[in-house]
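Let me begin by presenting the structure, written as structure tokens, before commenting on it.
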Amino acid sequence: MSNENDHSWLKQGSTSAADVAKNYDDWASTYNDDLVDWDYRSPAAAARLLQAMVSSDATILDAGCGTGLTGSALKAADFTGPIDGTDISQASLDEAGTHGVYRNLRQADMQKLPLDFADDVYDGLICIGVLTYVPDSGGVLREFARMVRPGGAVVISQRSDLFQERAFAKTIKGLTEAGIYAEATITEPQPYLPGNPDFGTEIEVLYVAMIVA
Ligand SMILES: C[S@@+](CC[C@H](N)C(=O)[O-])C[C@H]1O[C@@H](n2cnc3c(N)ncnc32)[C@H](O)[C@@H]1O
């Protein structure tokens with residue numbers, strides 16, 4: 001039987017979409033409280049990055065919105081336009097729907113591309129804490145660029161350990177050289193889940209802020 005208080009799987013970061021969906025379904029009702037306990041700062045940090053790149057009335061997709069912490073951070077950062085959310089975990093989407101933040105919430109698996117979203121429909125896209133679980137970083141970042149209009153912005157996060165292991169900087173460079181993104185800025189590593197002993201100061205987070213070409 002699963003135990004919603006056992007998060008030992010989190011550090012390992014499975015790339016089995018079915019396992020991940022089940023883990024997040026089981027965790028959905030207590031996720032927000034746990035993340036507050038662990039001093040999770042990514043939603044607010046990412047919202048600030050996006051704020052510098054698109055207007056406050058931007059139409060935004062929160063890709064991997066989970067229970068809605070990032071949508072709430074966007075609202076707290078005074079974004080006033082429509083925010084849509086998508087995630088593989090239906091229980092997380094149900095929780096996100098209770099906060100009155102999202103225009104539409106839709107279940108989708110980011111390991112199955114293309115996603116069922118039209119071209120150029122968003123001014124901004126934010127994907128926070130999700131790419132741990134999506135090994136084809138290049139594929140999904142190309143897909144994000146398809147869904148965001150030229151000149152729009154994409155802000156993503158990646159764990160510092162996986163940033164190295166998956167040669168993330170090389171992927172980003174390849175996407176700018178291929179003309180998918182016009183520019184990309186990678187931040188310094190910052191605290192990720194400092195209050196979670198499995199992460200502590202050992203695993204940090206980097207953000208990548210990109211302009212769609
Ligand atoms: C650490 S949570 C982050 C949620 C939210 N962005 C936040 O910052 O609180 C990771 C989220 O990624 C979602 N996820 C993982 N793999 C996915 C996939 N293949 N497709 C869509 N969502 C996925 C999980 O269901 C979970 O909600």
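Following the order of the structure tokens, first chain is A, next is B, and so on, with residues numbered from 1 inside each chain and ligands from 1 in the order they appear.
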Could you list, as a compact mmCIF listing (two decimals) with C-alpha atoms, in the first residue's frame, all residues that come within 7 Å of ligand 1? Count only C-alpha atoms and all ligand atoms.
```txt
# COMPACT_ATOMS: atom_id res chain seq x y z
CA ALA A 17 5.13 8.36 -16.47
CA VAL A 20 5.09 9.42 -11.48
CA ALA A 21 1.36 9.95 -12.07
CA TYR A 24 1.60 12.58 -7.50
CA SER A 42 10.63 27.86 -7.18
CA PRO A 43 7.11 29.04 -8.06
CA GLY A 64 3.12 20.44 -15.07
CA CYS A 65 0.99 22.67 -12.87
CA GLY A 66 0.47 19.96 -10.26
CA THR A 67 -1.70 21.23 -7.42
CA GLY A 68 -1.40 24.83 -8.57
CA LEU A 69 1.42 26.39 -6.54
CA THR A 70 2.95 28.02 -9.60
CA THR A 86 -1.78 20.81 -17.63
CA ASP A 87 -0.39 17.82 -15.74
CA ILE A 88 -0.35 14.03 -15.86
CA SER A 89 -1.80 13.69 -12.36
CA SER A 92 -3.28 17.15 -8.65
CA ALA A 108 -1.62 15.44 -20.60
CA ASP A 109 1.57 13.36 -20.57
CA MET A 110 4.57 15.45 -21.55
CA GLN A 111 6.40 12.29 -22.57
CA CYS A 127 7.32 24.59 -16.30
CA ILE A 128 8.56 24.25 -12.76
CA GLY A 129 9.77 21.11 -10.98
CA VAL A 130 8.65 18.91 -13.86
CA TYR A 133 10.46 13.36 -14.97
CA VAL A 134 10.72 14.13 -18.69
```
Please, which residues of range 63-128 of chain A, numbered as in this document, come out alpha helix (DSSP H) from DSSP, as a CSV table (one decimal) with C-alpha atoms, in the first residue's frame?
```
chain,number,residue,atom,x,y,z
A,69,LEU,CA,1.4,26.4,-6.5
A,70,THR,CA,2.9,28.0,-9.6
A,71,GLY,CA,-0.4,29.4,-10.8
A,72,SER,CA,-0.9,30.9,-7.4
A,73,ALA,CA,2.6,32.4,-7.5
A,74,LEU,CA,1.8,34.0,-10.9
A,75,LYS,CA,-1.4,35.5,-9.5
A,76,ALA,CA,0.6,36.8,-6.4
A,90,GLN,CA,-5.6,14.0,-12.4
A,91,ALA,CA,-5.7,14.3,-8.6
A,92,SER,CA,-3.3,17.2,-8.7
A,93,LEU,CA,-5.4,18.9,-11.3
A,94,ASP,CA,-8.5,18.4,-9.2
A,95,GLU,CA,-6.6,20.1,-6.3
A,96,ALA,CA,-5.4,22.9,-8.6
```
Original post:
Can you tell me how far CA of Val205 in chain A sits from CA of Ile156 in chain A, in Å to one decimal?
Top reply: 10.2 Å
**OP:** Going by DSSP on the backbone, which bits of range 14-212 of chain A are strand (DSSP E or B)? Write them as an NGL selection string, please.
**Re:** :A and (60-63 or 83-87 or 105-107 or 122-127 or 148-159 or 181-186 or 190-191 or 204-212)
Just-selected residues, N, CA and C atoms written as a compact mmCIF listing (two decimals), in the first residue's frame:
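The result, stored in selection_38.txt:
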```txt
# COMPACT_ATOMS: atom_id res chain seq x y z
N ILE A 60 -0.99 32.51 -20.25
CA ILE A 60 0.13 31.66 -19.79
C ILE A 60 -0.31 30.21 -19.66
N LEU A 61 0.57 29.29 -20.05
CA LEU A 61 0.37 27.88 -19.74
C LEU A 61 1.33 27.47 -18.63
N ASP A 62 0.78 26.88 -17.58
CA ASP A 62 1.56 26.30 -16.49
C ASP A 62 1.67 24.80 -16.79
N ALA A 63 2.78 24.40 -17.40
CA ALA A 63 2.96 23.02 -17.86
C ALA A 63 3.53 22.17 -16.72
N ILE A 83 -4.67 31.91 -17.17
CA ILE A 83 -3.63 30.90 -16.92
C ILE A 83 -4.26 29.53 -17.09
N ASP A 84 -3.72 28.73 -18.02
CA ASP A 84 -4.15 27.34 -18.18
C ASP A 84 -3.13 26.43 -17.50
N GLY A 85 -3.60 25.25 -17.12
CA GLY A 85 -2.69 24.30 -16.50
C GLY A 85 -2.84 22.93 -17.12
N THR A 86 -1.72 22.20 -17.16
CA THR A 86 -1.78 20.81 -17.63
C THR A 86 -0.84 19.97 -16.77
N ASP A 87 -1.20 18.72 -16.58
CA ASP A 87 -0.39 17.82 -15.74
C ASP A 87 -0.83 16.39 -16.04
N LEU A 105 -7.97 23.45 -17.12
CA LEU A 105 -7.01 22.45 -16.62
C LEU A 105 -7.21 21.19 -17.45
N ARG A 106 -6.09 20.65 -17.97
CA ARG A 106 -6.22 19.51 -18.87
C ARG A 106 -5.13 18.48 -18.57
N GLN A 107 -5.54 17.21 -18.52
CA GLN A 107 -4.56 16.15 -18.28
C GLN A 107 -3.77 15.87 -19.57
N TYR A 122 0.05 30.83 -26.62
CA TYR A 122 0.43 31.41 -25.33
C TYR A 122 1.48 32.50 -25.50
N ASP A 123 1.40 33.49 -24.61
CA ASP A 123 2.45 34.52 -24.54
C ASP A 123 3.60 34.04 -23.67
N GLY A 124 3.26 33.18 -22.72
CA GLY A 124 4.28 32.70 -21.79
C GLY A 124 3.97 31.29 -21.35
N LEU A 125 5.01 30.54 -21.02
CA LEU A 125 4.84 29.16 -20.53
C LEU A 125 5.84 28.97 -19.39
N ILE A 126 5.35 28.31 -18.35
CA ILE A 126 6.20 28.11 -17.17
C ILE A 126 6.13 26.63 -16.82
N CYS A 127 7.27 26.04 -16.55
CA CYS A 127 7.32 24.59 -16.30
C CYS A 127 8.30 24.36 -15.15
N VAL A 148 4.03 28.53 -27.85
CA VAL A 148 4.18 29.94 -27.45
C VAL A 148 4.48 30.76 -28.70
N ARG A 149 3.88 31.93 -28.79
CA ARG A 149 4.06 32.77 -29.99
C ARG A 149 5.50 33.28 -30.08
N PRO A 150 5.97 33.59 -31.29
CA PRO A 150 7.30 34.18 -31.42
C PRO A 150 7.39 35.46 -30.57
N GLY A 151 8.48 35.60 -29.86
CA GLY A 151 8.65 36.75 -28.97
C GLY A 151 8.13 36.49 -27.56
N GLY A 152 7.37 35.40 -27.39
CA GLY A 152 6.89 35.02 -26.06
C GLY A 152 8.01 34.36 -25.26
N ALA A 153 7.68 34.00 -24.02
CA ALA A 153 8.73 33.53 -23.11
C ALA A 153 8.42 32.16 -22.52
N VAL A 154 9.47 31.40 -22.31
CA VAL A 154 9.37 30.09 -21.64
C VAL A 154 10.34 30.10 -20.46
N VAL A 155 9.82 29.78 -19.27
CA VAL A 155 10.67 29.69 -18.08
C VAL A 155 10.54 28.28 -17.51
N ILE A 156 11.69 27.62 -17.38
CA ILE A 156 11.68 26.24 -16.87
C ILE A 156 12.66 26.13 -15.71
N SER A 157 12.50 25.07 -14.93
CA SER A 157 13.51 24.79 -13.90
C SER A 157 14.06 23.38 -14.13
N GLN A 158 15.26 23.17 -13.64
CA GLN A 158 15.85 21.83 -13.65
C GLN A 158 16.74 21.67 -12.42
N ARG A 159 16.70 20.52 -11.81
CA ARG A 159 17.58 20.22 -10.67
C ARG A 159 19.04 20.28 -11.08
N TYR A 181 14.79 28.98 -30.17
CA TYR A 181 14.74 30.08 -29.21
C TYR A 181 15.72 31.17 -29.65
N ALA A 182 15.27 32.43 -29.50
CA ALA A 182 16.11 33.55 -29.93
C ALA A 182 17.19 33.82 -28.89
N GLU A 183 16.86 33.61 -27.63
CA GLU A 183 17.87 33.78 -26.58
C GLU A 183 17.50 32.94 -25.38
N ALA A 184 18.49 32.65 -24.56
CA ALA A 184 18.26 31.83 -23.37
C ALA A 184 19.23 32.27 -22.28
N THR A 185 18.69 32.46 -21.09
CA THR A 185 19.52 32.84 -19.94
C THR A 185 19.39 31.76 -18.87
N ILE A 186 20.52 31.27 -18.42
CA ILE A 186 20.53 30.24 -17.38
C ILE A 186 20.99 30.89 -16.07
N GLN A 190 20.33 27.71 -7.30
CA GLN A 190 19.69 28.35 -6.14
C GLN A 190 19.07 27.26 -5.27
N PRO A 191 18.76 27.57 -4.01
CA PRO A 191 18.14 26.54 -3.15
C PRO A 191 16.86 26.01 -3.78
N GLU A 204 20.40 21.58 -5.87
CA GLU A 204 19.84 22.92 -6.03
C GLU A 204 19.01 22.96 -7.32
N VAL A 205 18.60 24.14 -7.71
CA VAL A 205 17.79 24.28 -8.92
C VAL A 205 18.34 25.41 -9.77
N LEU A 206 18.29 25.22 -11.10
CA LEU A 206 18.62 26.30 -12.03
C LEU A 206 17.36 26.61 -12.84
N TYR A 207 17.23 27.87 -13.22
CA TYR A 207 16.12 28.28 -14.07
C TYR A 207 16.69 28.67 -15.44
N VAL A 208 15.90 28.39 -16.47
CA VAL A 208 16.27 28.83 -17.81
C VAL A 208 15.12 29.69 -18.34
N ALA A 209 15.45 30.91 -18.72
CA ALA A 209 14.45 31.85 -19.25
C ALA A 209 14.76 32.06 -20.72
N MET A 210 13.80 31.73 -21.57
CA MET A 210 14.04 31.74 -23.03
C MET A 210 13.00 32.56 -23.77
N ILE A 211 13.44 33.20 -24.84
CA ILE A 211 12.53 33.92 -25.74
C ILE A 211 12.36 33.09 -27.00
N VAL A 212 11.11 32.85 -27.37
CA VAL A 212 10.82 32.04 -28.57
C VAL A 212 11.16 32.82 -29.84
```
So that each row is one residue of range 31-144 of chain A with an atom at most 12 Å from range 193-203 of chain A, can you give its shortest atom pair and the distance in Å to one decimal, using only C-alpha atoms, rows by chain and rising number, as a Markdown table?
```
| residue | atom | partner | partner_atom | distance |
| --- | --- | --- | --- | --- |
| A:Asp34 | CA | A:Asn196 | CA | 9.2 |
| A:Leu35 | CA | A:Leu193 | CA | 7.8 |
| A:Val36 | CA | A:Gly195 | CA | 9.0 |
| A:Asp37 | CA | A:Gly195 | CA | 6.6 |
| A:Trp38 | CA | A:Gly195 | CA | 3.8 |
| A:Asp39 | CA | A:Gly195 | CA | 5.7 |
| A:Tyr40 | CA | A:Leu193 | CA | 5.2 |
| A:Arg41 | CA | A:Leu193 | CA | 7.7 |
| A:Ser42 | CA | A:Leu193 | CA | 8.8 |
| A:Pro43 | CA | A:Leu193 | CA | 11.8 |
| A:Gly129 | CA | A:Leu193 | CA | 10.6 |
```
So that I can see what lies close to Asp6 in chain A, please list as a tab-separated table (two decimals) with N, CA and C atoms, in the first residue's frame the residues with an atom at most 12 Å from it, counting only C-alpha atoms and leaving out residues fewer than 4 positions away in the same chain.
```tsv
chain	number	residue	atom	x	y	z
A	1	MET	N	0.84	-1.20	0.00
A	1	MET	CA	0.00	0.00	0.00
A	1	MET	C	0.88	1.26	0.00
A	2	SER	N	0.52	2.28	-0.76
A	2	SER	CA	1.36	3.47	-0.81
A	2	SER	C	1.15	4.31	0.45
A	10	LEU	N	11.20	10.73	-4.39
A	10	LEU	CA	11.30	12.07	-4.99
A	10	LEU	C	12.71	12.36	-5.49
A	11	LYS	N	13.71	12.06	-4.67
A	11	LYS	CA	15.09	12.35	-5.06
A	11	LYS	C	15.50	11.53	-6.29
A	23	ASN	N	2.40	8.45	-8.02
A	23	ASN	CA	3.00	9.10	-6.85
A	23	ASN	C	2.38	10.48	-6.60
A	24	TYR	N	2.17	11.24	-7.68
A	24	TYR	CA	1.60	12.58	-7.50
A	24	TYR	C	0.10	12.52	-7.21
A	26	ASP	N	-1.25	10.19	-5.37
A	26	ASP	CA	-1.31	9.83	-3.94
A	26	ASP	C	-0.94	11.01	-3.03
A	27	TRP	N	-0.12	11.91	-3.57
A	27	TRP	CA	0.42	13.00	-2.75
A	27	TRP	C	-0.43	14.28	-2.83
A	30	THR	N	-1.79	16.51	0.18
A	30	THR	CA	-0.87	17.05	1.20
A	30	THR	C	0.36	17.72	0.59
A	31	TYR	N	0.45	17.72	-0.75
A	31	TYR	CA	1.63	18.26	-1.45
A	31	TYR	C	1.91	19.71	-1.05
A	34	ASP	N	3.43	20.04	2.42
A	34	ASP	CA	4.80	19.52	2.49
A	34	ASP	C	5.79	20.49	1.83
A	198	ASP	N	16.66	15.05	1.99
A	198	ASP	CA	17.19	14.34	0.82
A	198	ASP	C	17.79	15.32	-0.20
```
Non-local contacts of range 167-170 of chain A (9 Å; only C-alpha atoms; under 3 positions in same chain excluded) as a compact mmCIF listing (two decimals) with N, CA and C atoms, in the first residue's frame:
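So the final result, stored in selection_33.txt, reads:
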```txt
# COMPACT_ATOMS: atom_id res chain seq x y z
N SER A 137 14.40 16.29 -22.87
CA SER A 137 14.32 17.74 -22.61
C SER A 137 14.21 18.51 -23.92
N GLY A 138 15.03 18.13 -24.90
CA GLY A 138 15.03 18.86 -26.16
C GLY A 138 13.67 18.79 -26.85
N GLN A 158 15.26 23.17 -13.64
CA GLN A 158 15.85 21.83 -13.65
C GLN A 158 16.74 21.67 -12.42
N LEU A 162 20.56 16.90 -12.26
CA LEU A 162 20.10 16.46 -13.58
C LEU A 162 20.55 17.43 -14.68
N PHE A 163 20.74 18.69 -14.30
CA PHE A 163 21.26 19.67 -15.25
C PHE A 163 22.61 19.18 -15.79
N GLN A 164 23.43 18.65 -14.87
CA GLN A 164 24.73 18.12 -15.29
C GLN A 164 24.55 16.79 -16.02
N LYS A 173 21.76 25.24 -25.67
CA LYS A 173 22.61 25.85 -26.71
C LYS A 173 22.17 25.36 -28.10
N GLY A 174 21.88 24.05 -28.18
CA GLY A 174 21.44 23.48 -29.46
C GLY A 174 20.14 24.11 -29.94
N LEU A 175 19.24 24.38 -29.01
CA LEU A 175 17.95 24.96 -29.39
C LEU A 175 18.09 26.41 -29.85
N ILE A 186 20.52 31.27 -18.42
CA ILE A 186 20.53 30.24 -17.38
C ILE A 186 20.99 30.89 -16.07
```
**OP:** State, in Å with one decimal place, the distance from CA of Asp57 in chain A to CA of Pro82 in chain A.
**Re:**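 CA of Asp57 in chain A sits 7.7 Å away from CA of Pro82 in chain A.
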Original post:
What gap, in Å, lies between CA of Ala52 in chain A and CA of Gly97 in chain A?
Top reply: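 Separation of CA of Ala52 in chain A and CA of Gly97 in chain A: 26.7 Å.
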**OP:** Considering only C-alpha atoms, return as a ChimeraX atom specification whatever protein or nucleic-acid residues lie within 10 Å of Ala118 in chain A, sequence-local ones (same chain, fewer than 2 positions apart) excluded.
**Re:** /A:114-116,120-122,146-148
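In terms of minimum interatomic distance to Gln51 in chain A, A:Ala77 ranks closest within A:Ser29, A:Ala77, A:Pro189, A:Pro135, counting only C-alpha atoms.
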